[in-house]
Each structure stands twice: as C-alpha cells, then as structure tokens.
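Inspection log for the structure reproduced underneath, given as structure tokens.
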Amino acid sequence: MLWGGRFEEEPDRIAFEFSSSLKEDILLIKEEILCGKAYAEMLCRIGIITNIELNSITEALSSIQSEYDNKLWNPDPKVFEDIHSAIETRLYELLGETAGKLRAGRSRNDQVVTSVRMWTKKSAVNIINLLSNLQNSFIKTAELHVETIIPGYTHLQHAQPVSLAHHLLAYIEMFERDKERFSSVINSADNMPLGSGALAGSTLPLDTNYLKEKLGFNSLCNNSMDAVSDRDFVIDFLNSCSIGMMHLTRFCEEIIIWSTSEWKFAKIGDSFTTGSSLMPQKKNPDIAELIRGKSARVFSNYQSVITLMKGLPLTYNRDMQEDKHSLFSSYSIYSDSLKLMKGMFETIKFDNTHLLSLMKKSTILATDAADWLVLKGIPFREAHDIVGELVKYCLKNEKGFADLTIPELKQINSQFDESVLEVFKLENSLCRKKTPGSPNPKFVKEQISTWKSILSF
Ligand code: ARG
C-alpha cells in the first residue's frame, strides 16, 4: 500500500477490491516502466539519487518488465490497488529502501495520466496504420472496377449510375478523415504532466523538460491542476473510435445487403462467413454483422467517459479511474474491426455481369435525359416533367429507357431525336460526367493515382 501511514485500520476487503484498477491498468505496464526509468534519470541529474541508485533502479525496472513478459510476475488485483503500487512493491522487494526514492515529487495522479497519454498516442498511431492498410485494400479493388457500373442509391432506391470504384473511393475519404481525427488525438495527448504532482506541482527542482524529451512529448502541460484532471484526449480518442466504427458499420450494412439473394452484387469469402446449425443452405455475413453490432459498445464507451467527467470538480477525482476500461475496450474493438474488415473485404467477389444486367431495364438515367433536354434549351423544370412522362410510360410498358424507339419517344415529346439514344446507353453514362469528384472514369483514375502516391504503393 502506498498510503498506509496515517491509518489505523486495514481497508475493508470488498471496498479494496472494488477500488482496485489493476485489472485494467496492467495494460499500462510498458509506459509505467518507461516513465519510472526516465524519472529516475531525472532525479539523478538533479542530485536526488546517486548514479549507483539510478543504475540499480533502472536494472530492477527492466527485470520487472521481463518478469511480467515471461509470466513470472503477475500482480494480483486482490492485493494491489493499481499498477503503480504493484510496480513499487516489486521494486521494493528487489531493491529495498532505494525503491522509495523514486516517489519523490511524483503522485499517482500525474503518473497515471502520463502513462495514459503515452498509451493513447501509441494506440492512435496503430489505428492510423490500420486505416492506411484498409485504404490500400480498397484502392486495389477500386482500380479493378473503374468501369464497373453499379446503381448509386439515395433512400436505398436506384438514383444514378456510378462505378464500383467511385463507391469504394467514398470510403477512402471517410477513412482519411478518420486518420486526421486520430492525428489530432495525438496532438491533444502530446503534453507532459509529470512535475504536476498531486495537483500543485513540486518544491523539488524537477527537470520536466528532460522528462518531456525523454518520454517523447511535444510540450509540457501548462497548468498543474489541469494536467492531473484533463481527460479530454481520452474523450477525443473515444469519439474518433466511434466515428471510425460508424463508418465501418455503413460498409458492413452495404455488404450485408449486397450479398443477399435479392441483391446478388457480391459474395463474401467463406472464411468470413458462417453457416447455420439448422438450415444447411445458409451462409451468413456474421463478421460484418458483428462489427456493426460491436459498434454499440464503442459508442457507449464515449458516452460513458463524457458522463464520467461531467460535473467533476478540479482536480483529480477517483471517478476518473473508470476512463481506462472504456479506452481499452474501444481500442480493442475498433482495431480488431479494422483488421477484420480488411480481411473480409479482400475476400469479396463482385459479380460485374450481374451488376450491369440489373440496370438494363431501368430508368436510372432519368437525370441524364433531363440534362440532355436542358442542353437543348429547355428549362430544367419542364425537362423534369417530360422525363417524368417517359418514366411513367416505361413503368406502364415494363421497359427500360434503352428499349425505347424514336417513334415512342417522339410520341411523348417531339423534342426527342436520335441523339438521345446515346444518353440511354448505360456504358456511356459515366464518361459524360463533367464535374470533378463525379464517377467519370477519368476523374476516378486520377483519384486512384493520387491515393496511391499518398499511400505510397
Ligand atoms: N488508479 C488510479 C487511476 O487510474 C490512479 C490514481 C490514483 N490516485 C489516487 N489519488 N488515489 O486513476
């Protein structure tokens, strides 16, 4: 125990177990050991410990890490309150009195937030890399489908033709925004809190700049009270995980729909689907469903920490210990989901012929027909009405635009002539798009090559 001095009674056993955070913060062991070593070096530089003491502390901290890695030391949450006390106790067993010197000027309040900031930065970098890997897979598939026409939807109704590549590039944009969000998480976590002590700094001449450099932080926290009580970077991280998961669920939903017998756009590989114990014909998109389902926990982790922090007076309050459960849970779900999404995506086979045949009998080129009339000088409002008539005719006669003959078209409106037939050819539709960012294969190819150079492959 780190604080027994002024107490006469032992803590209640259940209360102690209730308050132990070791099950969670054991995940911070690497950061704790790094901080311990840097802190010892700094204490030596300012003359609080000797070189000999520094060497023995550094060695002991390294051996605690390797004992843990080799499963020789596994502190019990029933015995230790948190990772800080567990490490200090082990250090004391290894070094005796010298171990206690490492506490000078440090409180668990600044200690825990330093480790959490380091963990958050490291994890945000991992997430950014996973997002880049996923972008790579999407780009590689997009490259194969610049000319693969699929229906674009609004309200889940056929709207206008797009290419599969264009559709996938929309996700690349989302993933890029996710990466930007995690970069800004790194910024918000990049201030070093040590030296703030419990809340009000230290009378010891602690060299915080040395610690900042040694621990790889960009700058120091400006205010000792804010330093120990700020968890905004945790909330930023959880918010970024939530938005990232929300993006994944949108693709999951699409792939679930696309792989139905009704839609038949695509098939997910066997390795990312499951069968039914009862219905032998079933092939279920469970991984996509589970990513969609697990997003609920990620969203609630964000909710949980913002609620946790609401109304807390300055500075450190024990409530804040609960941040770690949410933080680690969201990271684990989101990083697993990113890996699984990549694996699953790479097994998806798209059925190009079926995709094209789907739109043959359709009126999905209605907007293009209206644009054709506009180019003939007809106001769009009127063009919209004329094409509306055309759609009505097609629906009544079970025809697609491509099936219409000139006499039929002229009967609906005399302004139609031969040249409109070109507009009704699905294969031409994408090339006619003029605006950048549209599915015109020219723009799509440009974007793919830009992404390839950004992602360097
Ligand atoms: N386990 C605590 C946490 O994660 C560490 C800080 C405890 N500080 C204290 N004054 N009890 O927040």
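The way I read the labels, and the way they are meant: chains A, B, ... in the order of the structure tokens, residue 1 as the first residue of every chain, and ligand 1 as the first ligand shown, with later ones counted on from there.
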| task | Using DSSP on the backbone coordinates, identify the residues of stretch 126-310 of chain A assigned to alpha helix (DSSP H); present them as a PyMOL selection string. | result | chain A and resi 126-144+164-189+208-214+224-229+232-258+286-309
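Pocket residues of ligand 1, taken as those with any atom at most 6 Å away using only C-alpha atoms and all ligand atoms, are Ser21, Asp82, Arg108, Asn109, Val112, Arg318, Met320 and Gln321 of chain A.
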Within 9 Å of stretch 197-216 of chain A, which residues of stretch 98-149 of chain A come that close, and what is the closest atom pair and distance in Å for each? Count only C-alpha atoms and give it as CSV.
```
residue,atom,partner,partner_atom,distance
A:Ala104,CA,A:Leu204,CA,8.2
A:Gly105,CA,A:Ser202,CA,5.8
A:Arg106,CA,A:Gly197,CA,5.0
A:Ser107,CA,A:Gly197,CA,4.9
A:Arg108,CA,A:Ala198,CA,7.2
A:Asn109,CA,A:Ala198,CA,5.4
A:Asp110,CA,A:Gly197,CA,5.6
A:Gln111,CA,A:Gly197,CA,8.1
A:Met118,CA,A:Leu215,CA,8.1
```
What are the nearest atom pairs, with distances in Å to one decimal, for all residues of stretch 77-145 of chain A that come at most 12 Å from stretch 347-350 of chain A, using only C-alpha atoms, set out by chain and rising residue number as a tab-separated table?
```
residue	atom	partner	partner_atom	distance
A:Ser137	CA	A:Thr347	CA	10.6
A:Phe138	CA	A:Ile348	CA	11.0
A:Thr141	CA	A:Ile348	CA	9.6
A:Ala142	CA	A:Phe350	CA	11.3
A:Leu144	CA	A:Phe350	CA	10.5
A:His145	CA	A:Phe350	CA	9.3
```
| message | I need the residues in stretch 226-355 of chain A that are strand (DSSP E or B) according to DSSP; give them as number ranges by chain. | response | A: 266-267, 274, 284, 349-350
Save out the residues we just selected, C-alpha atoms, as a compact mmCIF listing (two decimals), in the first residue's frame.
```txt
# COMPACT_ATOMS: atom_id res chain seq x y z
CA ALA A 266 -21.15 -9.64 -54.21
CA LYS A 267 -20.11 -12.73 -52.32
CA THR A 274 -20.68 -18.76 -41.02
CA ASN A 284 -24.32 -15.69 -43.04
CA LYS A 349 -16.03 -11.13 -55.18
CA PHE A 350 -18.14 -8.72 -57.19
```
| said: Using only C-alpha atoms, which protein or nucleic acid residues come within 12 Å of A:Thr58? Drop anything in the same chain fewer than 5 positions from it, and give the result as a PyMOL selection string. | reply: chain A and resi 33-42+44+51-53+63-65+91+94-95+98-99+102
Please save N, CA, C and O atoms of the selected residues as a CSV table (one decimal), in the first residue's frame.
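Saved to result-v6.csv:
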```
chain,number,residue,atom,x,y,z
A,33,ILE,N,6.9,1.6,-16.8
A,33,ILE,CA,8.3,1.3,-16.6
A,33,ILE,C,9.1,2.4,-17.3
A,33,ILE,O,10.1,2.8,-16.8
A,34,LEU,N,8.7,2.8,-18.5
A,34,LEU,CA,9.5,3.8,-19.2
A,34,LEU,C,9.5,5.1,-18.4
A,34,LEU,O,10.5,5.8,-18.3
A,35,CYS,N,8.3,5.5,-17.9
A,35,CYS,CA,8.2,6.7,-17.1
A,35,CYS,C,9.1,6.6,-15.8
A,35,CYS,O,9.8,7.5,-15.4
A,36,GLY,N,9.1,5.4,-15.2
A,36,GLY,CA,9.9,5.2,-14.0
A,36,GLY,C,11.4,5.4,-14.3
A,36,GLY,O,12.1,6.0,-13.5
A,37,LYS,N,11.8,4.8,-15.4
A,37,LYS,CA,13.3,4.9,-15.8
A,37,LYS,C,13.6,6.4,-16.1
A,37,LYS,O,14.7,6.9,-15.6
A,38,ALA,N,12.8,7.1,-16.8
A,38,ALA,CA,13.1,8.5,-17.2
A,38,ALA,C,13.1,9.3,-15.9
A,38,ALA,O,14.0,10.2,-15.7
A,39,TYR,N,12.2,9.0,-15.0
A,39,TYR,CA,12.1,9.8,-13.8
A,39,TYR,C,13.3,9.6,-12.9
A,39,TYR,O,13.9,10.5,-12.3
A,40,ALA,N,13.8,8.3,-12.9
A,40,ALA,CA,15.0,8.0,-12.1
A,40,ALA,C,16.2,8.8,-12.7
A,40,ALA,O,17.0,9.4,-11.9
A,41,GLU,N,16.3,8.8,-14.0
A,41,GLU,CA,17.4,9.5,-14.6
A,41,GLU,C,17.4,11.0,-14.2
A,41,GLU,O,18.4,11.6,-13.9
A,42,MET,N,16.2,11.5,-14.3
A,42,MET,CA,16.0,13.0,-14.0
A,42,MET,C,16.3,13.2,-12.5
A,42,MET,O,17.0,14.2,-12.2
A,44,CYS,N,18.4,11.7,-10.7
A,44,CYS,CA,19.9,11.6,-10.6
A,44,CYS,C,20.5,12.9,-11.1
A,44,CYS,O,21.4,13.4,-10.5
A,51,ASN,N,24.2,8.0,-8.8
A,51,ASN,CA,24.4,7.1,-10.0
A,51,ASN,C,24.2,5.7,-9.7
A,51,ASN,O,23.6,4.9,-10.5
A,52,ILE,N,24.7,5.2,-8.6
A,52,ILE,CA,24.6,3.8,-8.3
A,52,ILE,C,23.1,3.5,-8.1
A,52,ILE,O,22.6,2.4,-8.5
A,53,GLU,N,22.4,4.4,-7.4
A,53,GLU,CA,21.0,4.1,-7.2
A,53,GLU,C,20.2,4.1,-8.5
A,53,GLU,O,19.3,3.3,-8.7
A,63,SER,N,14.0,-5.6,-15.1
A,63,SER,CA,13.7,-7.0,-14.8
A,63,SER,C,12.2,-7.2,-14.4
A,63,SER,O,11.7,-8.2,-14.7
A,64,ILE,N,11.6,-6.2,-13.9
A,64,ILE,CA,10.1,-6.3,-13.6
A,64,ILE,C,9.4,-6.5,-14.9
A,64,ILE,O,8.5,-7.3,-15.1
A,65,GLN,N,9.8,-5.7,-15.9
A,65,GLN,CA,9.2,-5.8,-17.2
A,65,GLN,C,9.4,-7.2,-17.8
A,65,GLN,O,8.5,-7.8,-18.3
A,91,LEU,N,9.5,-3.4,-6.8
A,91,LEU,CA,10.8,-2.7,-6.8
A,91,LEU,C,11.3,-2.7,-5.4
A,91,LEU,O,12.5,-2.9,-5.2
A,94,LEU,N,12.8,-6.0,-4.7
A,94,LEU,CA,14.1,-6.2,-5.4
A,94,LEU,C,15.2,-5.3,-4.8
A,94,LEU,O,16.4,-5.7,-4.8
A,95,LEU,N,14.9,-4.1,-4.4
A,95,LEU,CA,15.9,-3.1,-4.0
A,95,LEU,C,15.9,-2.6,-2.6
A,95,LEU,O,16.9,-2.0,-2.2
A,98,THR,N,15.9,1.8,-1.4
A,98,THR,CA,16.1,2.7,-2.6
A,98,THR,C,14.9,2.9,-3.4
A,98,THR,O,14.7,3.9,-4.0
A,99,ALA,N,14.0,1.8,-3.5
A,99,ALA,CA,12.8,1.9,-4.3
A,99,ALA,C,12.0,3.1,-3.9
A,99,ALA,O,11.4,3.8,-4.8
A,102,LEU,N,12.1,6.8,-5.7
A,102,LEU,CA,11.5,7.1,-7.0
A,102,LEU,C,10.2,7.8,-6.8
A,102,LEU,O,9.7,8.4,-7.8
```
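Remark: for A:Ile127, the closest of the candidate residues A:Asp12, A:Glu176, A:Glu289, A:Glu389 is A:Glu176 (distances computed over only C-alpha atoms).
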| task | Please provide as a list in words all residues within 8 Å of stretch 161-163 of chain A, with the sequence filter that same-chain residues fewer than 3 positions apart are discarded (counting only C-alpha atoms). | result | His145, Val146, Glu147, Thr148, Ile149, Ile150, Pro151, Gly152, His166, His167, Ile364, Leu365, Leu426, Ser429, Leu430 and Pro439 of chain A
| query | Within 10 Å of A:Leu290, counting only C-alpha atoms, which residues qualify if same-chain residues fewer than 3 places away don't, as a PyMOL selection string? | reply | chain A and resi 249+252+285-287+293-295+337
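Omitting A:Arg181 and its sequence neighbours fewer than 4 positions away, and counting only C-alpha atoms, the residues within 10 Å are Ala124, Ile128, Phe175, Glu176, Arg177, Val185, Ile186, Asn187, Asp236, Phe237, Asn239, Ser240, Cys241, Ile243 and Gly244 of chain A.
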Would you put the residues from that selection into a file with all heavy atoms, as an mmCIF file, in the first residue's frame?
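Saved result, part.cif, follows:
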```
data_model
loop_
_atom_site.group_PDB
_atom_site.id
_atom_site.type_symbol
_atom_site.label_atom_id
_atom_site.label_comp_id
_atom_site.auth_asym_id
_atom_site.auth_seq_id
_atom_site.Cartn_x
_atom_site.Cartn_y
_atom_site.Cartn_z
ATOM 1 N N ALA A 124 -3.122 5.539 -31.043
ATOM 2 C CA ALA A 124 -3.628 6.328 -32.182
ATOM 3 C C ALA A 124 -2.754 6.078 -33.413
ATOM 4 O O ALA A 124 -3.268 5.966 -34.531
ATOM 5 C CB ALA A 124 -3.663 7.810 -31.822
ATOM 6 N N ILE A 128 -4.036 4.606 -37.004
ATOM 7 C CA ILE A 128 -3.764 5.283 -38.287
ATOM 8 C C ILE A 128 -3.155 4.282 -39.275
ATOM 9 O O ILE A 128 -3.545 4.226 -40.447
ATOM 10 C CB ILE A 128 -2.852 6.517 -38.080
ATOM 11 C CG1 ILE A 128 -3.637 7.598 -37.328
ATOM 12 C CG2 ILE A 128 -2.325 7.052 -39.412
ATOM 13 C CD1 ILE A 128 -2.826 8.811 -36.895
ATOM 14 N N PHE A 175 -12.158 7.093 -44.428
ATOM 15 C CA PHE A 175 -11.019 6.564 -43.671
ATOM 16 C C PHE A 175 -9.933 7.644 -43.513
ATOM 17 O O PHE A 175 -9.242 7.692 -42.506
ATOM 18 C CB PHE A 175 -10.432 5.313 -44.348
ATOM 19 C CG PHE A 175 -11.428 4.170 -44.466
ATOM 20 C CD1 PHE A 175 -11.354 3.251 -45.522
ATOM 21 C CD2 PHE A 175 -12.442 4.007 -43.532
ATOM 22 C CE1 PHE A 175 -12.263 2.208 -45.633
ATOM 23 C CE2 PHE A 175 -13.365 2.963 -43.637
ATOM 24 C CZ PHE A 175 -13.279 2.061 -44.693
ATOM 25 N N GLU A 176 -9.822 8.485 -44.533
ATOM 26 C CA GLU A 176 -8.821 9.558 -44.436
ATOM 27 C C GLU A 176 -9.221 10.542 -43.331
ATOM 28 O O GLU A 176 -8.383 10.973 -42.540
ATOM 29 C CB GLU A 176 -8.698 10.278 -45.786
ATOM 30 C CG GLU A 176 -7.525 11.218 -45.906
ATOM 31 C CD GLU A 176 -6.149 10.541 -45.776
ATOM 32 O OE1 GLU A 176 -6.057 9.305 -45.910
ATOM 33 O OE2 GLU A 176 -5.179 11.261 -45.501
ATOM 34 N N ARG A 177 -10.516 10.873 -43.280
ATOM 35 C CA ARG A 177 -10.957 11.770 -42.202
ATOM 36 C C ARG A 177 -10.732 11.112 -40.841
ATOM 37 O O ARG A 177 -10.392 11.779 -39.868
ATOM 38 C CB ARG A 177 -12.434 12.145 -42.386
ATOM 39 C CG ARG A 177 -12.707 13.059 -43.565
ATOM 40 C CD ARG A 177 -14.070 13.718 -43.438
ATOM 41 N NE ARG A 177 -15.176 12.771 -43.525
ATOM 42 C CZ ARG A 177 -15.701 12.297 -44.659
ATOM 43 N NH1 ARG A 177 -15.206 12.688 -45.822
ATOM 44 N NH2 ARG A 177 -16.723 11.452 -44.629
ATOM 45 N N VAL A 185 -5.989 13.597 -32.207
ATOM 46 C CA VAL A 185 -5.958 12.973 -30.869
ATOM 47 C C VAL A 185 -4.504 12.982 -30.357
ATOM 48 O O VAL A 185 -4.229 13.292 -29.197
ATOM 49 C CB VAL A 185 -6.476 11.521 -30.913
ATOM 50 C CG1 VAL A 185 -6.161 10.782 -29.619
ATOM 51 C CG2 VAL A 185 -7.969 11.475 -31.196
ATOM 52 N N ILE A 186 -3.582 12.642 -31.272
ATOM 53 C CA ILE A 186 -2.169 12.599 -30.864
ATOM 54 C C ILE A 186 -1.752 13.983 -30.352
ATOM 55 O O ILE A 186 -1.125 14.103 -29.306
ATOM 56 C CB ILE A 186 -1.264 12.130 -32.029
ATOM 57 C CG1 ILE A 186 -1.612 10.675 -32.383
ATOM 58 C CG2 ILE A 186 0.215 12.273 -31.688
ATOM 59 C CD1 ILE A 186 -0.915 10.112 -33.604
ATOM 60 N N ASN A 187 -2.175 15.030 -31.075
ATOM 61 C CA ASN A 187 -1.857 16.393 -30.605
ATOM 62 C C ASN A 187 -2.434 16.668 -29.237
ATOM 63 O O ASN A 187 -1.781 17.234 -28.377
ATOM 64 C CB ASN A 187 -2.443 17.443 -31.558
ATOM 65 C CG ASN A 187 -1.555 17.623 -32.759
ATOM 66 O OD1 ASN A 187 -0.389 17.247 -32.710
ATOM 67 N ND2 ASN A 187 -2.114 18.177 -33.822
ATOM 68 N N ASP A 236 -11.545 12.541 -26.847
ATOM 69 C CA ASP A 236 -11.245 12.692 -28.282
ATOM 70 C C ASP A 236 -10.972 11.325 -28.915
ATOM 71 O O ASP A 236 -11.438 11.030 -30.016
ATOM 72 C CB ASP A 236 -9.989 13.557 -28.494
ATOM 73 C CG ASP A 236 -10.251 15.035 -28.280
ATOM 74 O OD1 ASP A 236 -11.434 15.437 -28.296
ATOM 75 O OD2 ASP A 236 -9.278 15.791 -28.076
ATOM 76 N N PHE A 237 -10.202 10.525 -28.221
ATOM 77 C CA PHE A 237 -9.866 9.192 -28.744
ATOM 78 C C PHE A 237 -11.143 8.364 -28.905
ATOM 79 O O PHE A 237 -11.370 7.731 -29.944
ATOM 80 C CB PHE A 237 -8.890 8.492 -27.778
ATOM 81 C CG PHE A 237 -8.385 7.162 -28.270
ATOM 82 C CD1 PHE A 237 -7.196 7.070 -28.976
ATOM 83 C CD2 PHE A 237 -9.085 5.984 -28.018
ATOM 84 C CE1 PHE A 237 -6.711 5.840 -29.427
ATOM 85 C CE2 PHE A 237 -8.619 4.750 -28.464
ATOM 86 C CZ PHE A 237 -7.429 4.683 -29.172
ATOM 87 N N ASN A 239 -14.220 9.399 -29.140
ATOM 88 C CA ASN A 239 -15.066 9.973 -30.182
ATOM 89 C C ASN A 239 -14.556 9.545 -31.562
ATOM 90 O O ASN A 239 -15.343 9.155 -32.435
ATOM 91 C CB ASN A 239 -15.058 11.501 -30.051
ATOM 92 C CG ASN A 239 -15.858 12.164 -31.140
ATOM 93 O OD1 ASN A 239 -16.976 11.747 -31.432
ATOM 94 N ND2 ASN A 239 -15.299 13.171 -31.784
ATOM 95 N N SER A 240 -13.234 9.571 -31.727
ATOM 96 C CA SER A 240 -12.666 9.168 -33.015
ATOM 97 C C SER A 240 -12.930 7.695 -33.286
ATOM 98 O O SER A 240 -13.206 7.307 -34.421
ATOM 99 C CB SER A 240 -11.166 9.448 -33.040
ATOM 100 O OG SER A 240 -10.943 10.802 -32.746
ATOM 101 N N CYS A 241 -12.848 6.870 -32.246
ATOM 102 C CA CYS A 241 -13.172 5.445 -32.421
ATOM 103 C C CYS A 241 -14.641 5.304 -32.822
ATOM 104 O O CYS A 241 -14.985 4.475 -33.682
ATOM 105 C CB CYS A 241 -12.964 4.655 -31.127
ATOM 106 S SG CYS A 241 -11.240 4.477 -30.670
ATOM 107 N N ILE A 243 -16.650 7.474 -34.414
ATOM 108 C CA ILE A 243 -16.907 7.882 -35.798
ATOM 109 C C ILE A 243 -16.310 6.848 -36.759
ATOM 110 O O ILE A 243 -16.932 6.462 -37.750
ATOM 111 C CB ILE A 243 -16.379 9.309 -36.067
ATOM 112 C CG1 ILE A 243 -17.111 10.303 -35.149
ATOM 113 C CG2 ILE A 243 -16.558 9.700 -37.535
ATOM 114 C CD1 ILE A 243 -16.663 11.736 -35.271
ATOM 115 N N GLY A 244 -15.123 6.365 -36.424
ATOM 116 C CA GLY A 244 -14.492 5.342 -37.263
ATOM 117 C C GLY A 244 -15.346 4.082 -37.337
ATOM 118 O O GLY A 244 -15.538 3.504 -38.419
#
```
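One finds atom CA of A:Asp319 at 9.9 Å from atom CA of A:Val305.
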